[in-house]
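Here the structure comes first, spelled out in structure tokens, and everything after it is commentary.
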Amino acid sequence: MTYLKINADVPLHFTAAGEFISETPWKHVERAMGNYELIIGVNETVYLSEETKSFEVGPDEALLLMPNRTHVGYRESRPGVKFYWFHFELKSEGVLLSEAEMKPEAEEIFSRTQRLWSVHDLYLPQFIKIEHSDRIHILANQILHVANSGYLTYSSVNYLLTSLLIELSEHALQPFASKLIRAQQDVTFVKIAEWTQEYTQENLLR
């Protein structure tokens, strides 16, 4: 799994968004774009390749496509396929992290005594299954509304897009928290078992 680490102290730059629906079999055209694209599945499955990687994006799943890479549909989607799409650019350059590189970053975050509101970066997985997706759908529809309603404030849709990506980042970090808690519990259990064994034997010898 690849993660995109980006600073969120300023909102990201929104460029375009839409809701795609096809009532006939459909396959994504081949192209390479100069910005990021986030796809969130709503109905049926989208089949997309990025260079040598292939992805299936179903309902409540999200795929982040990287800029300047070739993207193409490798299989037709069924009629009724539906997804949200969002194009955006970064104010400052992002960093790509592997799963191995992401783990110590997450461990450092969850080891903080005061971790609430302490993270200034977003960690966006290239692909994620979204649990409890209600907020994601609300934000997606707010972005589409603001983007197409003639708002005058420049940053209006930028802040909403950034909020959407914050939600995805929070989703991505939670599994690391669960793994760390389980690891801590395992260590605690081993220490208790060792203590019990040591002092039980001591009492038997007396």
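Every chain in the structure tokens takes a letter, A first, then B, and so on in the order presented; its residues are numbered from 1, and the ligands are numbered from 1 following the presented order.
Around A:Glu170, within 9 Å and counting only C-alpha atoms, the residues found are Leu122, Tyr123 and Leu124 of chain A, once anything fewer than 6 positions away on its own chain is removed.
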Every residue of chain A that DSSP places in helix (DSSP H, G or I), as a PyMOL selection string: chain A and resi 99-110+134-147+156-205
Pick out the residues sitting within 12 Å of A:Glu30, and hand them over as a ChimeraX atom specification; count only C-alpha atoms, and ignore anything fewer than 5 positions along from it in its own chain. /A:48-51,69-74
Polymer residues at most 12 Å from A:His120, only C-alpha atoms, same-chain spacing of 5 or more positions, as an MDAnalysis selection string: chainID A and resid 5:11 109 115 166 169
Give me, as a PyMOL selection string, all polymer residues having an atom no more than 10 Å from stretch 102-105 of chain A, counting only C-alpha atoms and skipping those fewer than 6 positions away in the same chain. chain A and resi 1-5+96+123+125+173+176+180
As a ChimeraX atom specification, please: the residues near A:Ile39 (cut-off 7 Å, only C-alpha atoms, same-chain neighbours under 2 positions excluded). /A:37,41,62-64,83-86
I'd like to know which of A:Met66, A:Lys91, A:Pro79, A:His145 is closest to A:Val46, using only C-alpha atoms. A:Pro79
Need the shell around A:Val81: protein/DNA/RNA residues with any atom at most 12 Å away, counting only C-alpha atoms. Skip same-chain ones fewer than 3 positions apart. Format as a list of chain:residue names? A:Glu19, A:Phe20, A:Ile21, A:Ser22, A:Glu23, A:Thr24, A:Pro25, A:Trp26, A:Lys27, A:His28, A:Ile40, A:Gly41, A:Val42, A:Asn43, A:Glu44, A:Thr45, A:Val46, A:Tyr47, A:Val57, A:Gly58, A:Pro59, A:Glu76, A:Ser77, A:Arg78, A:Tyr84
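Nearest to A:Leu90 of all the residues A:Leu12, A:Leu164, A:Val157, A:Leu38 is A:Leu12, based on only C-alpha atoms.
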As an exercise, work out the distance from atom CA of A:Glu107 to atom CA of A:Glu93 in Å and give it to one decimal place.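 We find that atom CA of A:Glu107 and atom CA of A:Glu93 lie 23.3 Å from each other.
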